[in-house]
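Have a look at the structure below before the remarks.
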Amino acid sequence: MKKGDHLFLVDGSGYIFRAYHALPPLNRKSDGLPTNAVLGFCNMVWKLMRDARDTDVGVTPTHFAVIFDYSSKTFRNDLYPEYKANRSAPPEDLIPQFGLIRHATRAFSLPCVEMEGYEADDLIATYCRMAEEAGADATIISSDKDLMQLVSPAVSMYDPMKDRQIGIPEVVEKWGVPPEKMIDLQALTGDSIDNIPGVPGIGPKTAAQLLEQFGNLDTLLARAEEIKQQKRRESIVENADKARISRELVTLRRDVPVKEVPDDFLLEPSDGPRLVAFLKAMEFTTLTRRVAEATGTDAGAIEAAEVPVERADTAHGPDMEATPAEAADEAGTEAATMKDEGDTPSLLSALRAEAATAEKIDVDAYQTITDLQTLKDWIDEAFETGVVAFDTETTSLDPMQAELVGFSLATRPGRAAYVPLGHKEGAGDLLGGGPVEGQLPVREALAELKRLMEAPSVLKVAQNLKYDLVVMSRYGIDVAPYDDTMLISYVLDGGAARGHGMDALSEKWLGHKTIQFGEVAGTGKSFIGFENVAIDKATRYAGEDADVTLRLWQVLKPRLAAKGLVSVYERLERPLVPVLARMEQRGVSVDRQILSRLSGELAQSAAAIEEEIYGLIGERINIGSPKQLGEILFGRMGLPGGSKTKTGQWSTSAQLLEDLAAEGHELPRKIVDWRQLTKLKSTYTDALPGFIHPDTGRVHTSYALAATTTGRLSSSDPNLQNIPVRTAEGRKIRTAFIADKGHRLVSADYSQIELRVLAHVADIPQLKQAFAEGADIHAITASEMFGVPVEGMPSEVRRRAKAINFGIIYGISAFGLANQLSIPREEAGAYIKKYFERFPGIRDYIEATKTYAREFGYVETVFGRRIHYPEIRSPNPSVRAFNERASINARLQGTAADIIRRAMIRMEPALAQARLSARMLLQVHDELIFEVADGEVEATIPVICEVMESAPMPARSLSVPLKVDARAAHNWDEAH
DNA sequence: ACAGAAGCTTA
DNA sequence: GTAAGCTTCTGTT
């Protein structure tokens, strides 16, 4: 390097953050990979390389390098452990872009410089010194004030986003001091973002004034007594040490032992094909064209580069579950082959997986926290790392009843602690139950917990967070921001894993068998409740939960980006957690009297039928026992047609009994009736009152977010998604679900949502038109198939078409349709054939789905949710056919599930914005139930319908309108 | 005390 | 033909 040369140094790390926030979101069209910062970076670099002379810099670079931070830990952390401790985790959309920008740098044939233990700023300072010593000039591409201390006659800065050069006059103008005094100025003012203390009460204006007066920091500190203003004087005298440590922190190192020297940064002509290949892979059309033109590259002849952002997971066979060893091996291979390619999502995945499993899980290493100061220290540590895994231990599996017994935290793999709060002495002791000595004062501990849980700069990680959210909320604690490892696993492996519980995830990803809850608290009769577990035992169990959760997060979270599933997690899963937590907490009113009266009526009717049955068969058997019943009906009484179940028992299914009844037999009808009544009684009228919460007087169901393969929710304890509706008897149970005084229940349900989704994804003109016109879809189908006009169509014809429409959604088979319609299989087959002739698009859609599922091992919903079918390539034809039907159904059911999830996530803000107090209580797959104040019903219904009908927007726009029917009434039966 | 089968409820 | 959860019975532990 020599006089006249000009070195450009891009602060790559700084640029990424600034561009990410300043530029509008941008996602790669083909898969949604976030790329806004990458595009900003490429545009900027391209412009500076080509025509820097035309910018405010006004010179052409001869040397060019991009400098990055190596990691967040540097020598400054040793000087001052709190350094940059306030930094929160980077946004989700940004993480994959770190690696991409390093790729971009290489695609531009530019050196990519970073060094362990040093920040990018130190490298920049060092290279500036080297350039100056060589008599050359340098321009730092950054507007960060931390770099302004480097500005000199030979060194200036350039803000690429404002096209503004920053020289000595600009620094003086902005800060009131020349560049060489910037260090002292920063030492006084500090920096809240980097957590540099500075002197409290001294801002840039005061600092500049003081430096003007005293010349420099040392003089100022030595002669601080001369300061006139009392407050200012005291603060400076008192905080002189903070000022000195701050100065050390902000002073950039100009003597980093760098490996490359500025001579290595000689700017060479762009490698057109290489650059075009990268830009094509990023799908930056305009820039690709521009670069191709300028470098004389034939863009059409260049293939998009293989940028290692891991895509479809087809690496291992469909029937094989990767063992932990295999998973680690796979990760290891990736790390080895991509080491010099930069921090790609896959590399990040591999590195994180390695870190999470590197240290063995040792449950005896966890700490029990028994004093407040230790808890504070742990929480401070969480603030430093920015991520903490936590878990609550309670007295009950039901979060609405659970009392907090303790909680655990993990700040990094292997480092976890348990905080016992409510452990009791002497289990089994009659007078026992006094608190165990040496536990923290609950109030103070909860205040500390709240400080951590609500801190915006610390990401809280939990496994099945909704449970903890409900418990925490009952203790007045909100949790945000957060991640849920169970949901991440669900998004990654929906359909591919048996479950997403912590025990299974730990074994799969960490190769570690967790302590079972039952081993700690006992099971069944020996269950003692967590509050009676000894604290050392509880520490091992709870500490492990937090430790494992943190490790799982480290392994799983990067995989989302690597597989392009970030938006599914962020848009369809994570935001739903607090929405469901609130719905569960609200509960729904159930009228005990109505249920008790119904129960009595059902008991009477059932008893009467029971007597008649005994009369007919001549003995008092257990009618509820299919075994005894079968032996009587088909053995002793010799009724015809009895088929056997797979265990060799006589089948006594309702379908079969109905058939027998149709042939004129008296007994089967009575058995069917008896079963219906006893079912209603045992499952609903008898069981529901037991779920009424003693304090709230309402029923609080539990929604599972990660239980179904398709993305639907499930409801349990009690299941409020299968409350009867089909029969008049059953519907009576719904009359017991009532609104609060002065309120109504509003039920809003999507009309034919899955058929509409089918019309959209399979792109069927006749169906789309029918939905657009609001026509009777089953009648239209029948009319198309049988050539019968819709007017005056026999109901049987419409019924058959309806069965076929539903059959399609279920992945139709002649066998199933024949069963449904009670017709021969040949006839059903002929219907299906005819249907496909009239709607060839549906046959194409079904075939395309099967082919896709076979090739990739999964299908995707319209919103990108992946549903795996690992057995779709099974050699067993019936297993294969089952998986094919399921995968056809999954795209439709899953898309519908995604749509209502989106509606639920938006519902509360929409209602709040409309200043309505309606409360969402229940979800039943295509229906939402609200409790609405009497006076607001009219205003609320249109808001609900609008949110539901526009739920796919703006992510997707369906080619078929969605229709929602909503009604208000005093109880669920009338509202539905 | 628990697990699986059968049967029934919903969308 | 798809997706769920709960109750009862039955056999095993």
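Chain labels follow the order of the structure tokens: the first chain is A, the next B, and so on; residue numbering restarts at 1 in every chain, and ligands are counted from 1 in their shown order.
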
Taking only residues of chain A that have an atom at most 10 Å from an atom of chain C, what is each one's shortest atom pair and its distance in Å to one decimal, using only C-alpha atoms (C1' of nucleotides), in chain and number order, as JSON lines?
```
{"residue": "A:Asn622", "atom": "CA", "partner": "C:DC9", "partner_atom": "C1'", "distance": 9.7}
{"residue": "A:Gly624", "atom": "CA", "partner": "C:DT8", "partner_atom": "C1'", "distance": 7.0}
{"residue": "A:Ser625", "atom": "CA", "partner": "C:DC9", "partner_atom": "C1'", "distance": 5.9}
{"residue": "A:Pro626", "atom": "CA", "partner": "C:DC9", "partner_atom": "C1'", "distance": 8.0}
{"residue": "A:Lys627", "atom": "CA", "partner": "C:DC9", "partner_atom": "C1'", "distance": 8.6}
{"residue": "A:Thr678", "atom": "CA", "partner": "C:DT7", "partner_atom": "C1'", "distance": 9.9}
{"residue": "A:Lys679", "atom": "CA", "partner": "C:DT7", "partner_atom": "C1'", "distance": 7.8}
{"residue": "A:Ser682", "atom": "CA", "partner": "C:DT7", "partner_atom": "C1'", "distance": 7.1}
{"residue": "A:Thr683", "atom": "CA", "partner": "C:DT7", "partner_atom": "C1'", "distance": 6.6}
{"residue": "A:Tyr684", "atom": "CA", "partner": "C:DC6", "partner_atom": "C1'", "distance": 9.5}
{"residue": "A:Ala687", "atom": "CA", "partner": "C:DC6", "partner_atom": "C1'", "distance": 9.8}
{"residue": "A:Ala707", "atom": "CA", "partner": "C:DA4", "partner_atom": "C1'", "distance": 9.0}
{"residue": "A:Thr708", "atom": "CA", "partner": "C:DA3", "partner_atom": "C1'", "distance": 7.4}
{"residue": "A:Thr709", "atom": "CA", "partner": "C:DA3", "partner_atom": "C1'", "distance": 8.0}
{"residue": "A:Thr710", "atom": "CA", "partner": "C:DA3", "partner_atom": "C1'", "distance": 7.4}
{"residue": "A:Gly711", "atom": "CA", "partner": "C:DA3", "partner_atom": "C1'", "distance": 9.5}
{"residue": "A:Arg712", "atom": "CA", "partner": "C:DA3", "partner_atom": "C1'", "distance": 7.8}
{"residue": "A:Leu713", "atom": "CA", "partner": "C:DA4", "partner_atom": "C1'", "distance": 8.6}
{"residue": "A:Ser714", "atom": "CA", "partner": "C:DA4", "partner_atom": "C1'", "distance": 6.3}
{"residue": "A:Ser715", "atom": "CA", "partner": "C:DG5", "partner_atom": "C1'", "distance": 7.5}
{"residue": "A:Ser716", "atom": "CA", "partner": "C:DG5", "partner_atom": "C1'", "distance": 6.5}
{"residue": "A:Asp717", "atom": "CA", "partner": "C:DG5", "partner_atom": "C1'", "distance": 9.0}
{"residue": "A:Pro718", "atom": "CA", "partner": "C:DC6", "partner_atom": "C1'", "distance": 8.6}
{"residue": "A:Asn719", "atom": "CA", "partner": "C:DG5", "partner_atom": "C1'", "distance": 6.2}
{"residue": "A:Leu720", "atom": "CA", "partner": "C:DG5", "partner_atom": "C1'", "distance": 9.4}
{"residue": "A:Gln721", "atom": "CA", "partner": "C:DA4", "partner_atom": "C1'", "distance": 8.6}
{"residue": "A:Asn722", "atom": "CA", "partner": "C:DG5", "partner_atom": "C1'", "distance": 8.1}
{"residue": "A:Ile804", "atom": "CA", "partner": "C:DG1", "partner_atom": "C1'", "distance": 9.6}
{"residue": "A:Phe806", "atom": "CA", "partner": "C:DG1", "partner_atom": "C1'", "distance": 8.5}
{"residue": "A:Gly807", "atom": "CA", "partner": "C:DG1", "partner_atom": "C1'", "distance": 5.6}
{"residue": "A:Ile808", "atom": "CA", "partner": "C:DG1", "partner_atom": "C1'", "distance": 7.8}
{"residue": "A:Ile809", "atom": "CA", "partner": "C:DT2", "partner_atom": "C1'", "distance": 7.0}
{"residue": "A:Tyr810", "atom": "CA", "partner": "C:DT2", "partner_atom": "C1'", "distance": 4.3}
{"residue": "A:Gly811", "atom": "CA", "partner": "C:DG1", "partner_atom": "C1'", "distance": 5.6}
{"residue": "A:Ile812", "atom": "CA", "partner": "C:DG1", "partner_atom": "C1'", "distance": 4.7}
{"residue": "A:Ser813", "atom": "CA", "partner": "C:DG1", "partner_atom": "C1'", "distance": 5.4}
{"residue": "A:Ala814", "atom": "CA", "partner": "C:DG1", "partner_atom": "C1'", "distance": 8.0}
{"residue": "A:Phe815", "atom": "CA", "partner": "C:DG1", "partner_atom": "C1'", "distance": 7.6}
{"residue": "A:Gly816", "atom": "CA", "partner": "C:DG1", "partner_atom": "C1'", "distance": 4.6}
{"residue": "A:Leu817", "atom": "CA", "partner": "C:DG1", "partner_atom": "C1'", "distance": 6.6}
{"residue": "A:Ala818", "atom": "CA", "partner": "C:DG1", "partner_atom": "C1'", "distance": 9.6}
{"residue": "A:Asn819", "atom": "CA", "partner": "C:DG1", "partner_atom": "C1'", "distance": 9.2}
{"residue": "A:Gln820", "atom": "CA", "partner": "C:DG1", "partner_atom": "C1'", "distance": 8.8}
{"residue": "A:Phe882", "atom": "CA", "partner": "C:DG1", "partner_atom": "C1'", "distance": 9.0}
{"residue": "A:Arg885", "atom": "CA", "partner": "C:DG1", "partner_atom": "C1'", "distance": 7.3}
{"residue": "A:Ala886", "atom": "CA", "partner": "C:DT2", "partner_atom": "C1'", "distance": 6.1}
{"residue": "A:Ser887", "atom": "CA", "partner": "C:DT2", "partner_atom": "C1'", "distance": 9.0}
{"residue": "A:Ile888", "atom": "CA", "partner": "C:DT2", "partner_atom": "C1'", "distance": 8.6}
{"residue": "A:Asn889", "atom": "CA", "partner": "C:DT2", "partner_atom": "C1'", "distance": 5.5}
{"residue": "A:Ala890", "atom": "CA", "partner": "C:DT2", "partner_atom": "C1'", "distance": 7.5}
{"residue": "A:Leu892", "atom": "CA", "partner": "C:DT2", "partner_atom": "C1'", "distance": 9.5}
{"residue": "A:Gln893", "atom": "CA", "partner": "C:DA3", "partner_atom": "C1'", "distance": 7.8}
{"residue": "A:Gly894", "atom": "CA", "partner": "C:DA3", "partner_atom": "C1'", "distance": 9.5}
{"residue": "A:His925", "atom": "CA", "partner": "C:DA3", "partner_atom": "C1'", "distance": 9.9}
```

Emit the selected residues as a CSV table (one decimal), in the first residue's frame, including C-alpha atoms.
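Writing the result to again.csv gives the following:
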```csv
chain,number,residue,atom,x,y,z
A,622,ASN,CA,-73.8,-56.1,31.2
A,624,GLY,CA,-72.0,-52.1,28.1
A,625,SER,CA,-69.8,-55.1,27.5
A,626,PRO,CA,-69.4,-55.7,23.8
A,627,LYS,CA,-68.1,-59.2,24.6
A,678,THR,CA,-75.5,-43.8,28.6
A,679,LYS,CA,-72.9,-42.2,26.5
A,682,SER,CA,-71.3,-40.6,31.4
A,683,THR,CA,-69.3,-38.5,29.1
A,684,TYR,CA,-71.2,-35.2,29.4
A,687,ALA,CA,-68.5,-35.6,33.8
A,707,ALA,CA,-51.0,-32.7,19.4
A,708,THR,CA,-52.4,-33.2,16.0
A,709,THR,CA,-50.6,-34.0,12.8
A,710,THR,CA,-52.5,-31.5,10.7
A,711,GLY,CA,-52.2,-28.3,12.7
A,712,ARG,CA,-55.6,-28.5,14.3
A,713,LEU,CA,-55.9,-27.8,18.0
A,714,SER,CA,-57.2,-30.5,20.3
A,715,SER,CA,-59.1,-29.9,23.5
A,716,SER,CA,-59.1,-32.0,26.7
A,717,ASP,CA,-60.0,-31.9,30.4
A,718,PRO,CA,-62.7,-31.6,29.3
A,719,ASN,CA,-62.8,-32.0,25.6
A,720,LEU,CA,-65.2,-29.2,24.5
A,721,GLN,CA,-64.7,-29.9,20.8
A,722,ASN,CA,-67.0,-32.9,20.8
A,804,ILE,CA,-68.5,-37.6,-2.4
A,806,PHE,CA,-66.6,-35.1,1.9
A,807,GLY,CA,-64.9,-38.2,0.6
A,808,ILE,CA,-62.5,-36.1,-1.5
A,809,ILE,CA,-61.5,-34.2,1.6
A,810,TYR,CA,-60.8,-37.5,3.3
A,811,GLY,CA,-58.8,-38.9,0.4
A,812,ILE,CA,-61.6,-40.8,-1.2
A,813,SER,CA,-61.7,-44.6,-1.6
A,814,ALA,CA,-64.4,-46.7,-3.2
A,815,PHE,CA,-64.5,-48.8,0.0
A,816,GLY,CA,-65.1,-45.8,2.2
A,817,LEU,CA,-67.7,-44.2,0.0
A,818,ALA,CA,-69.5,-47.5,-0.3
A,819,ASN,CA,-69.6,-47.8,3.4
A,820,GLN,CA,-70.8,-44.3,3.9
A,882,PHE,CA,-53.7,-44.8,4.3
A,885,ARG,CA,-55.3,-40.4,2.0
A,886,ALA,CA,-54.0,-38.8,5.1
A,887,SER,CA,-51.6,-36.5,3.1
A,888,ILE,CA,-54.4,-35.4,0.8
A,889,ASN,CA,-56.6,-34.6,3.7
A,890,ALA,CA,-53.7,-32.9,5.6
A,892,LEU,CA,-56.9,-29.2,3.3
A,893,GLN,CA,-57.5,-29.7,7.0
A,894,GLY,CA,-54.2,-28.2,7.8
A,925,HIS,CA,-61.9,-26.4,14.5
```

### Message
Taking only region 556-602 of chain A into account, list the residues labelled alpha helix (DSSP H) by DSSP (computed from the backbone), as a VMD selection string.
### Response
chain A and resid 556 to 562 566 to 568 576 to 586 592 to 602

May I have the selected residues written with N, CA, C and O atoms, as a compact mmCIF listing (two decimals), in the first residue's frame?
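Done, and the output landed in out_0.txt:
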```txt
# COMPACT_ATOMS: atom_id res chain seq x y z
N LEU A 556 -32.70 -26.90 18.27
CA LEU A 556 -33.87 -26.85 17.38
C LEU A 556 -34.08 -25.49 16.72
O LEU A 556 -34.47 -25.41 15.56
N LYS A 557 -33.84 -24.43 17.47
CA LYS A 557 -34.19 -23.11 16.93
C LYS A 557 -33.51 -22.82 15.60
O LYS A 557 -34.16 -22.39 14.65
N PRO A 558 -32.20 -23.05 15.46
CA PRO A 558 -31.57 -22.74 14.17
C PRO A 558 -32.11 -23.60 13.04
O PRO A 558 -32.02 -23.22 11.87
N ARG A 559 -32.65 -24.75 13.37
CA ARG A 559 -33.17 -25.62 12.32
C ARG A 559 -34.39 -25.01 11.63
O ARG A 559 -34.69 -25.34 10.48
N LEU A 560 -35.10 -24.16 12.35
CA LEU A 560 -36.25 -23.50 11.72
C LEU A 560 -35.79 -22.71 10.51
O LEU A 560 -36.37 -22.81 9.42
N ALA A 561 -34.77 -21.90 10.70
CA ALA A 561 -34.27 -21.08 9.59
C ALA A 561 -33.69 -21.97 8.51
O ALA A 561 -33.90 -21.76 7.32
N ALA A 562 -32.98 -23.02 8.94
CA ALA A 562 -32.34 -23.89 7.96
C ALA A 562 -33.38 -24.58 7.08
O ALA A 562 -33.09 -24.91 5.93
N VAL A 566 -39.32 -20.65 9.63
CA VAL A 566 -39.42 -19.60 10.64
C VAL A 566 -40.79 -18.96 10.65
O VAL A 566 -41.39 -18.75 11.70
N SER A 567 -41.33 -18.67 9.47
CA SER A 567 -42.59 -17.92 9.46
C SER A 567 -43.75 -18.78 9.95
O SER A 567 -44.70 -18.26 10.53
N VAL A 568 -43.71 -20.08 9.73
CA VAL A 568 -44.76 -20.94 10.27
C VAL A 568 -44.75 -20.84 11.80
O VAL A 568 -45.78 -20.64 12.45
N LEU A 576 -49.95 -17.73 19.08
CA LEU A 576 -51.21 -18.32 19.55
C LEU A 576 -51.14 -18.70 21.02
O LEU A 576 -52.17 -18.84 21.68
N VAL A 577 -49.93 -18.88 21.53
CA VAL A 577 -49.79 -19.37 22.91
C VAL A 577 -50.51 -18.48 23.92
O VAL A 577 -51.36 -18.97 24.68
N PRO A 578 -50.23 -17.16 23.95
CA PRO A 578 -50.93 -16.35 24.94
C PRO A 578 -52.42 -16.24 24.65
O PRO A 578 -53.22 -16.07 25.59
N VAL A 579 -52.81 -16.31 23.39
CA VAL A 579 -54.24 -16.24 23.05
C VAL A 579 -54.97 -17.42 23.68
O VAL A 579 -56.01 -17.27 24.33
N LEU A 580 -54.41 -18.62 23.51
CA LEU A 580 -55.03 -19.80 24.09
C LEU A 580 -54.96 -19.78 25.61
O LEU A 580 -55.90 -20.20 26.29
N ALA A 581 -53.86 -19.27 26.14
CA ALA A 581 -53.74 -19.19 27.60
C ALA A 581 -54.87 -18.35 28.16
O ALA A 581 -55.48 -18.70 29.17
N ARG A 582 -55.17 -17.25 27.49
CA ARG A 582 -56.27 -16.39 27.97
C ARG A 582 -57.62 -17.07 27.82
O ARG A 582 -58.47 -16.98 28.70
N MET A 583 -57.83 -17.78 26.69
CA MET A 583 -59.10 -18.48 26.51
C MET A 583 -59.30 -19.52 27.62
O MET A 583 -60.39 -19.66 28.17
N GLU A 584 -58.24 -20.23 27.91
CA GLU A 584 -58.34 -21.25 28.95
C GLU A 584 -58.64 -20.61 30.30
O GLU A 584 -59.44 -21.12 31.08
N GLN A 585 -58.00 -19.49 30.55
CA GLN A 585 -58.21 -18.83 31.84
C GLN A 585 -59.62 -18.28 31.97
O GLN A 585 -60.18 -18.28 33.06
N ARG A 586 -60.19 -17.81 30.85
CA ARG A 586 -61.55 -17.28 30.92
C ARG A 586 -62.54 -18.39 31.21
O ARG A 586 -63.44 -18.23 32.01
N ARG A 592 -74.95 -25.97 36.11
CA ARG A 592 -74.97 -27.23 36.85
C ARG A 592 -76.38 -27.83 36.92
O ARG A 592 -76.53 -29.06 36.76
N GLN A 593 -77.37 -26.97 37.12
CA GLN A 593 -78.75 -27.46 37.27
C GLN A 593 -79.23 -28.16 36.00
O GLN A 593 -79.83 -29.22 36.06
N ILE A 594 -78.96 -27.51 34.88
CA ILE A 594 -79.42 -28.11 33.62
C ILE A 594 -78.80 -29.49 33.44
O ILE A 594 -79.49 -30.46 33.10
N LEU A 595 -77.51 -29.59 33.72
CA LEU A 595 -76.83 -30.87 33.55
C LEU A 595 -77.38 -31.91 34.51
O LEU A 595 -77.59 -33.08 34.13
N SER A 596 -77.62 -31.51 35.73
CA SER A 596 -78.10 -32.46 36.72
C SER A 596 -79.51 -32.95 36.35
O SER A 596 -79.82 -34.14 36.47
N ARG A 597 -80.35 -32.03 35.87
CA ARG A 597 -81.69 -32.44 35.44
C ARG A 597 -81.59 -33.42 34.25
O ARG A 597 -82.23 -34.47 34.24
N LEU A 598 -80.73 -33.06 33.27
CA LEU A 598 -80.55 -33.94 32.11
C LEU A 598 -80.03 -35.31 32.54
O LEU A 598 -80.47 -36.34 32.02
N SER A 599 -79.14 -35.30 33.48
CA SER A 599 -78.55 -36.55 33.94
C SER A 599 -79.66 -37.46 34.50
O SER A 599 -79.71 -38.66 34.20
N GLY A 600 -80.55 -36.87 35.28
CA GLY A 600 -81.66 -37.63 35.84
C GLY A 600 -82.55 -38.19 34.74
O GLY A 600 -82.91 -39.38 34.75
N GLU A 601 -82.86 -37.35 33.77
CA GLU A 601 -83.72 -37.81 32.67
C GLU A 601 -83.07 -38.95 31.90
O GLU A 601 -83.71 -39.94 31.56
N LEU A 602 -81.79 -38.79 31.64
CA LEU A 602 -81.08 -39.82 30.88
C LEU A 602 -81.04 -41.12 31.66
O LEU A 602 -81.23 -42.21 31.10
```

With a distance threshold of 6 Å and counting only C-alpha atoms (C1' of nucleotides), extract the residues of chain B near chain A and express them as a PDB file with all heavy atoms, in the first residue's frame.
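The new file iface21.pdb reads:
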```
ATOM      1  P    DT B   9     -72.960 -41.179  19.642  1.00  0.00           P
ATOM      2  OP1  DT B   9     -74.223 -40.995  20.370  1.00  0.00           O
ATOM      3  OP2  DT B   9     -72.939 -41.723  18.274  1.00  0.00           O
ATOM      4  O5'  DT B   9     -72.162 -39.798  19.604  1.00  0.00           O
ATOM      5  C5'  DT B   9     -72.292 -38.870  20.689  1.00  0.00           C
ATOM      6  C4'  DT B   9     -71.146 -37.903  20.669  1.00  0.00           C
ATOM      7  O4'  DT B   9     -69.908 -38.619  20.846  1.00  0.00           O
ATOM      8  C3'  DT B   9     -70.923 -37.158  19.368  1.00  0.00           C
ATOM      9  O3'  DT B   9     -71.840 -36.113  19.192  1.00  0.00           O
ATOM     10  C2'  DT B   9     -69.524 -36.641  19.619  1.00  0.00           C
ATOM     11  C1'  DT B   9     -68.860 -37.830  20.312  1.00  0.00           C
ATOM     12  N1   DT B   9     -68.061 -38.652  19.364  1.00  0.00           N
ATOM     13  C2   DT B   9     -66.735 -38.363  19.237  1.00  0.00           C
ATOM     14  O2   DT B   9     -66.188 -37.478  19.841  1.00  0.00           O
ATOM     15  N3   DT B   9     -66.067 -39.142  18.340  1.00  0.00           N
ATOM     16  C4   DT B   9     -66.583 -40.163  17.583  1.00  0.00           C
ATOM     17  O4   DT B   9     -65.866 -40.805  16.806  1.00  0.00           O
ATOM     18  C5   DT B   9     -67.994 -40.423  17.753  1.00  0.00           C
ATOM     19  C7   DT B   9     -68.660 -41.519  16.958  1.00  0.00           C
ATOM     20  C6   DT B   9     -68.658 -39.663  18.634  1.00  0.00           C
ATOM     21  P    DT B  10     -72.125 -35.536  17.729  1.00  0.00           P
ATOM     22  OP1  DT B  10     -73.310 -34.679  17.807  1.00  0.00           O
ATOM     23  OP2  DT B  10     -72.068 -36.653  16.772  1.00  0.00           O
ATOM     24  O5'  DT B  10     -70.833 -34.643  17.448  1.00  0.00           O
ATOM     25  C5'  DT B  10     -70.616 -33.446  18.217  1.00  0.00           C
ATOM     26  C4'  DT B  10     -69.248 -32.887  17.922  1.00  0.00           C
ATOM     27  O4'  DT B  10     -68.249 -33.908  18.147  1.00  0.00           O
ATOM     28  C3'  DT B  10     -69.021 -32.447  16.491  1.00  0.00           C
ATOM     29  O3'  DT B  10     -69.466 -31.108  16.343  1.00  0.00           O
ATOM     30  C2'  DT B  10     -67.506 -32.508  16.393  1.00  0.00           C
ATOM     31  C1'  DT B  10     -67.144 -33.689  17.289  1.00  0.00           C
ATOM     32  N1   DT B  10     -66.859 -34.948  16.549  1.00  0.00           N
ATOM     33  C2   DT B  10     -65.561 -35.206  16.192  1.00  0.00           C
ATOM     34  O2   DT B  10     -64.647 -34.449  16.439  1.00  0.00           O
ATOM     35  N3   DT B  10     -65.375 -36.378  15.513  1.00  0.00           N
ATOM     36  C4   DT B  10     -66.341 -37.295  15.172  1.00  0.00           C
ATOM     37  O4   DT B  10     -66.057 -38.322  14.565  1.00  0.00           O
ATOM     38  C5   DT B  10     -67.691 -36.971  15.571  1.00  0.00           C
ATOM     39  C7   DT B  10     -68.816 -37.905  15.238  1.00  0.00           C
ATOM     40  C6   DT B  10     -67.886 -35.818  16.235  1.00  0.00           C
ATOM     41  P    DA B  11     -69.734 -30.527  14.885  1.00  0.00           P
ATOM     42  OP1  DA B  11     -70.332 -29.193  15.050  1.00  0.00           O
ATOM     43  OP2  DA B  11     -70.386 -31.548  14.068  1.00  0.00           O
ATOM     44  O5'  DA B  11     -68.258 -30.337  14.326  1.00  0.00           O
ATOM     45  C5'  DA B  11     -67.409 -29.324  14.891  1.00  0.00           C
ATOM     46  C4'  DA B  11     -66.095 -29.310  14.132  1.00  0.00           C
ATOM     47  O4'  DA B  11     -65.534 -30.643  14.117  1.00  0.00           O
ATOM     48  C3'  DA B  11     -66.230 -28.882  12.677  1.00  0.00           C
ATOM     49  O3'  DA B  11     -65.168 -28.024  12.331  1.00  0.00           O
ATOM     50  C2'  DA B  11     -66.128 -30.165  11.902  1.00  0.00           C
ATOM     51  C1'  DA B  11     -65.265 -31.038  12.788  1.00  0.00           C
ATOM     52  N9   DA B  11     -65.613 -32.447  12.650  1.00  0.00           N
ATOM     53  C8   DA B  11     -66.804 -33.050  12.936  1.00  0.00           C
ATOM     54  N7   DA B  11     -66.824 -34.340  12.677  1.00  0.00           N
ATOM     55  C5   DA B  11     -65.553 -34.590  12.185  1.00  0.00           C
ATOM     56  C6   DA B  11     -64.920 -35.755  11.731  1.00  0.00           C
ATOM     57  N6   DA B  11     -65.540 -36.941  11.685  1.00  0.00           N
ATOM     58  N1   DA B  11     -63.655 -35.659  11.311  1.00  0.00           N
ATOM     59  C2   DA B  11     -63.037 -34.466  11.348  1.00  0.00           C
ATOM     60  N3   DA B  11     -63.522 -33.307  11.761  1.00  0.00           N
ATOM     61  C4   DA B  11     -64.790 -33.432  12.174  1.00  0.00           C
TER      62       DA B  11
END
```
